[in-house]
Amino acid sequence: MGTRRWMTSTFVGYCIWILHVPAIPLYGYGARENDREYVERKVDFNSPLFKPETGFPFGNTLRSSLYFTDNGQIIFPASDNSIFTYPNPPPRGFSGREEVPMIAVFWDNADFSRGVGTTFYQEFPTLNTDKPPFVRDVEAKVRRYLRSSYSAAWTLKITWEKAPAYGARTDTRRTITYQAVLTTDGFRSYVLMLYQAGGMQWDYTRLAATNVLIGYTSGDGFYRNDDLTRRPPAAKYRPDQFRGYNTASPNPYGAGVRCLYDSQSRLIEGRQERYWRFFRQASPFRDQELKLYDWCCNQAGSAHLCARYSEKRPKIGCDGYQSPGTGSSEEEDSNSKEQGDREDK
């Protein structure tokens, strides 16, 4: 069953990337996969605390612990005594000025108090042990899509199953099912986000607010709001229906035009990327070009200043670019074969 997925790679001292790749099914989950179930029948709850042996690199910091919430967040607390719930996402998304580091897999106010829905998780410490097929598959995807050698030391799979929306007017039959996989080798970290096809069914017309957020904020200046969350509720509340794929035309230095297409090969957007090779120092604090953009369009909070930057550094789009139509179908077929032995719930 096809879903949308993101892979986010984080490096200590480096910026963070979100990479869109073709749709794949959720990983198997539940009791038959030896997952642990965790649910509290109240409006908000948090998972137990996880402490990766290697730590978890996020932004400029090596985080020592993390937990997930019923509301679709993965939070990295300042200490074991700083465990809080945050039910409602900010209306304008992340700004980079947040003090609490978190990943928003699908952050909106859920409510498990009415006896519907649950969560599952399983931790895979593999620093000095054999790796199960699930971890090997995650490693293979990192190598395939990011073209980077990778050997996982710690991996965590989280599944939110049939989560209902908060609110007396919402229908508990309209639920959402999605998944996150975090993995790190102690130096690099990745998170894979998966949304069950046909399983993202909240009735957004009955919600008190439609501010669902997908993205991250590192707590030390790095952040990203996924492009989908800037779209109307009909789109951003159905990430399972978005099956975009990227094509890129880089020069020898890793710069170039990136074009994003939907499953019908229709152009969604295009942008110029100047420094995207991993070995380049692509942090807003290290790379002068990105530092200027970050200051003018993110930190200054001035639409006029950002407009002036865009005037001097005009974006390069994908108008007239011909999509490689066969490429996406071949890759989706390959993904289907990769995941053929898994079953969705």
# chains A, B, ... in the order shown; residues from 1 in each chain; ligands from 1

call {"tool": "residues_around", "arguments": {"residues": "Arg41 of chain A", "least_positions_apart": "4", "cutoff": "12 Å", "atoms": "only C-alpha atoms", "output": "PDB file with N, CA, C and O atoms, in the first residue's frame"}}
result
ATOM      1  N   PHE A  45      -0.755  12.220  26.185  1.00  0.00           N
ATOM      2  CA  PHE A  45       0.200  11.378  26.912  1.00  0.00           C
ATOM      3  C   PHE A  45       1.525  11.333  26.165  1.00  0.00           C
ATOM      4  O   PHE A  45       1.604  11.648  24.966  1.00  0.00           O
ATOM      5  N   ASN A  46       2.569  10.936  26.895  1.00  0.00           N
ATOM      6  CA  ASN A  46       3.912  10.812  26.342  1.00  0.00           C
ATOM      7  C   ASN A  46       4.397   9.380  26.505  1.00  0.00           C
ATOM      8  O   ASN A  46       3.998   8.669  27.429  1.00  0.00           O
ATOM      9  N   ASP A  70       1.406  11.494  21.867  1.00  0.00           N
ATOM     10  CA  ASP A  70       0.219  11.047  21.143  1.00  0.00           C
ATOM     11  C   ASP A  70      -0.120  11.976  19.989  1.00  0.00           C
ATOM     12  O   ASP A  70      -0.871  11.624  19.090  1.00  0.00           O
ATOM     13  N   ALA A 110      -4.344  15.097  18.939  1.00  0.00           N
ATOM     14  CA  ALA A 110      -5.049  13.820  18.902  1.00  0.00           C
ATOM     15  C   ALA A 110      -5.695  13.551  20.269  1.00  0.00           C
ATOM     16  O   ALA A 110      -5.382  14.217  21.258  1.00  0.00           O
ATOM     17  N   ASP A 111      -6.577  12.564  20.318  1.00  0.00           N
ATOM     18  CA  ASP A 111      -7.296  12.264  21.563  1.00  0.00           C
ATOM     19  C   ASP A 111      -7.576  10.759  21.640  1.00  0.00           C
ATOM     20  O   ASP A 111      -8.471  10.255  20.966  1.00  0.00           O
ATOM     21  N   PHE A 112      -6.790  10.064  22.461  1.00  0.00           N
ATOM     22  CA  PHE A 112      -6.952   8.615  22.627  1.00  0.00           C
ATOM     23  C   PHE A 112      -7.847   8.278  23.814  1.00  0.00           C
ATOM     24  O   PHE A 112      -7.950   7.115  24.198  1.00  0.00           O
ATOM     25  N   SER A 113      -8.491   9.278  24.413  1.00  0.00           N
ATOM     26  CA  SER A 113      -9.245   9.057  25.655  1.00  0.00           C
ATOM     27  C   SER A 113     -10.559   8.316  25.430  1.00  0.00           C
ATOM     28  O   SER A 113     -11.156   7.824  26.392  1.00  0.00           O
ATOM     29  N   ARG A 114     -11.014   8.230  24.189  1.00  0.00           N
ATOM     30  CA  ARG A 114     -12.330   7.634  23.929  1.00  0.00           C
ATOM     31  C   ARG A 114     -12.258   6.157  23.551  1.00  0.00           C
ATOM     32  O   ARG A 114     -13.202   5.589  23.020  1.00  0.00           O
ATOM     33  N   GLY A 115     -11.109   5.535  23.839  1.00  0.00           N
ATOM     34  CA  GLY A 115     -10.980   4.092  23.635  1.00  0.00           C
ATOM     35  C   GLY A 115     -10.624   3.677  22.230  1.00  0.00           C
ATOM     36  O   GLY A 115     -10.673   2.489  21.907  1.00  0.00           O
ATOM     37  N   VAL A 116     -10.256   4.625  21.374  1.00  0.00           N
ATOM     38  CA  VAL A 116      -9.916   4.331  19.980  1.00  0.00           C
ATOM     39  C   VAL A 116      -8.451   4.673  19.746  1.00  0.00           C
ATOM     40  O   VAL A 116      -7.960   5.707  20.213  1.00  0.00           O
ATOM     41  N   GLY A 117      -7.739   3.800  19.015  1.00  0.00           N
ATOM     42  CA  GLY A 117      -6.373   4.082  18.619  1.00  0.00           C
ATOM     43  C   GLY A 117      -5.341   3.641  19.641  1.00  0.00           C
ATOM     44  O   GLY A 117      -5.658   3.400  20.817  1.00  0.00           O
ATOM     45  N   THR A 118      -4.097   3.532  19.173  1.00  0.00           N
ATOM     46  CA  THR A 118      -3.000   3.139  20.053  1.00  0.00           C
ATOM     47  C   THR A 118      -1.674   3.514  19.392  1.00  0.00           C
ATOM     48  O   THR A 118      -1.651   4.008  18.261  1.00  0.00           O
ATOM     49  N   THR A 119      -0.571   3.271  20.090  1.00  0.00           N
ATOM     50  CA  THR A 119       0.754   3.452  19.501  1.00  0.00           C
ATOM     51  C   THR A 119       1.582   2.203  19.774  1.00  0.00           C
ATOM     52  O   THR A 119       1.357   1.475  20.746  1.00  0.00           O
ATOM     53  N   ALA A 163      -5.249   6.937  15.152  1.00  0.00           N
ATOM     54  CA  ALA A 163      -5.324   8.038  16.113  1.00  0.00           C
ATOM     55  C   ALA A 163      -6.509   8.938  15.789  1.00  0.00           C
ATOM     56  O   ALA A 163      -6.623   9.435  14.658  1.00  0.00           O
ATOM     57  N   PRO A 164      -7.399   9.177  16.761  1.00  0.00           N
ATOM     58  CA  PRO A 164      -8.542  10.077  16.512  1.00  0.00           C
ATOM     59  C   PRO A 164      -8.147  11.531  16.764  1.00  0.00           C
ATOM     60  O   PRO A 164      -7.229  11.820  17.535  1.00  0.00           O
TER      61      PRO A 164
END

call {"tool": "select_by_dssp", "arguments": {"residues": "segment 66-257 of chain A", "states": "helix (DSSP H, G or I)", "output": "list in words"}}
result
Pro133, Phe134, Val135, Arg136, Asp137, Val138, Glu139, Ala140, Lys141, Val142, Arg143, Arg144, Tyr145, Leu146, Tyr204, Thr205, Arg206, Asp227, Leu228, Thr229, Arg230, Pro233, Ala234, Ala235, Lys236, Pro239, Asp240 and Gln241 of chain A

call {"tool": "closest_residue", "arguments": {"among": "A:Met200, A:Ala303, A:Met193, A:Ala180", "to": "Ala165 of chain A", "atoms": "only C-alpha atoms"}}
result
A:Met200

call {"tool": "closest_atom_pairs", "arguments": {"of": "segment 75-188 of chain A", "to": "segment 229-234 of chain A", "cutoff": "12 Å", "atoms": "only C-alpha atoms", "output": "JSON lines"}}
result
{"residue": "A:Pro89", "atom": "CA", "partner": "A:Thr229", "partner_atom": "CA", "distance": 11.5}
{"residue": "A:Pro90", "atom": "CA", "partner": "A:Thr229", "partner_atom": "CA", "distance": 11.8}
{"residue": "A:Pro91", "atom": "CA", "partner": "A:Thr229", "partner_atom": "CA", "distance": 10.5}
{"residue": "A:Arg92", "atom": "CA", "partner": "A:Arg230", "partner_atom": "CA", "distance": 9.0}
{"residue": "A:Gly93", "atom": "CA", "partner": "A:Thr229", "partner_atom": "CA", "distance": 8.4}
{"residue": "A:Phe94", "atom": "CA", "partner": "A:Thr229", "partner_atom": "CA", "distance": 11.0}
{"residue": "A:Ala104", "atom": "CA", "partner": "A:Thr229", "partner_atom": "CA", "distance": 11.2}
{"residue": "A:Val105", "atom": "CA", "partner": "A:Thr229", "partner_atom": "CA", "distance": 11.5}
{"residue": "A:Phe106", "atom": "CA", "partner": "A:Thr229", "partner_atom": "CA", "distance": 9.9}
{"residue": "A:Trp107", "atom": "CA", "partner": "A:Thr229", "partner_atom": "CA", "distance": 10.6}
{"residue": "A:Asp108", "atom": "CA", "partner": "A:Thr229", "partner_atom": "CA", "distance": 11.8}

call {"tool": "closest_residue", "arguments": {"among": "A:Glu139, A:Glu311, A:Asp35, A:Asp80", "to": "Pro48 of chain A", "atoms": "only C-alpha atoms"}}
result
A:Asp80

call {"tool": "residues_around", "arguments": {"residues": "Asp203 of chain A", "least_positions_apart": "6", "cutoff": "12 Å", "atoms": "only C-alpha atoms", "output": "PyMOL selection string"}}
result
chain A and resi 164-167+169-176+209-210+233-234+237-238

call {"tool": "residues_around", "arguments": {"residues": "Tyr178 of chain A", "least_positions_apart": "6", "cutoff": "10 Å", "atoms": "only C-alpha atoms", "output": "PyMOL selection string"}}
result
chain A and resi 3-4+26-27+72+105-106+119+158-163+193-197+199-200+239-240
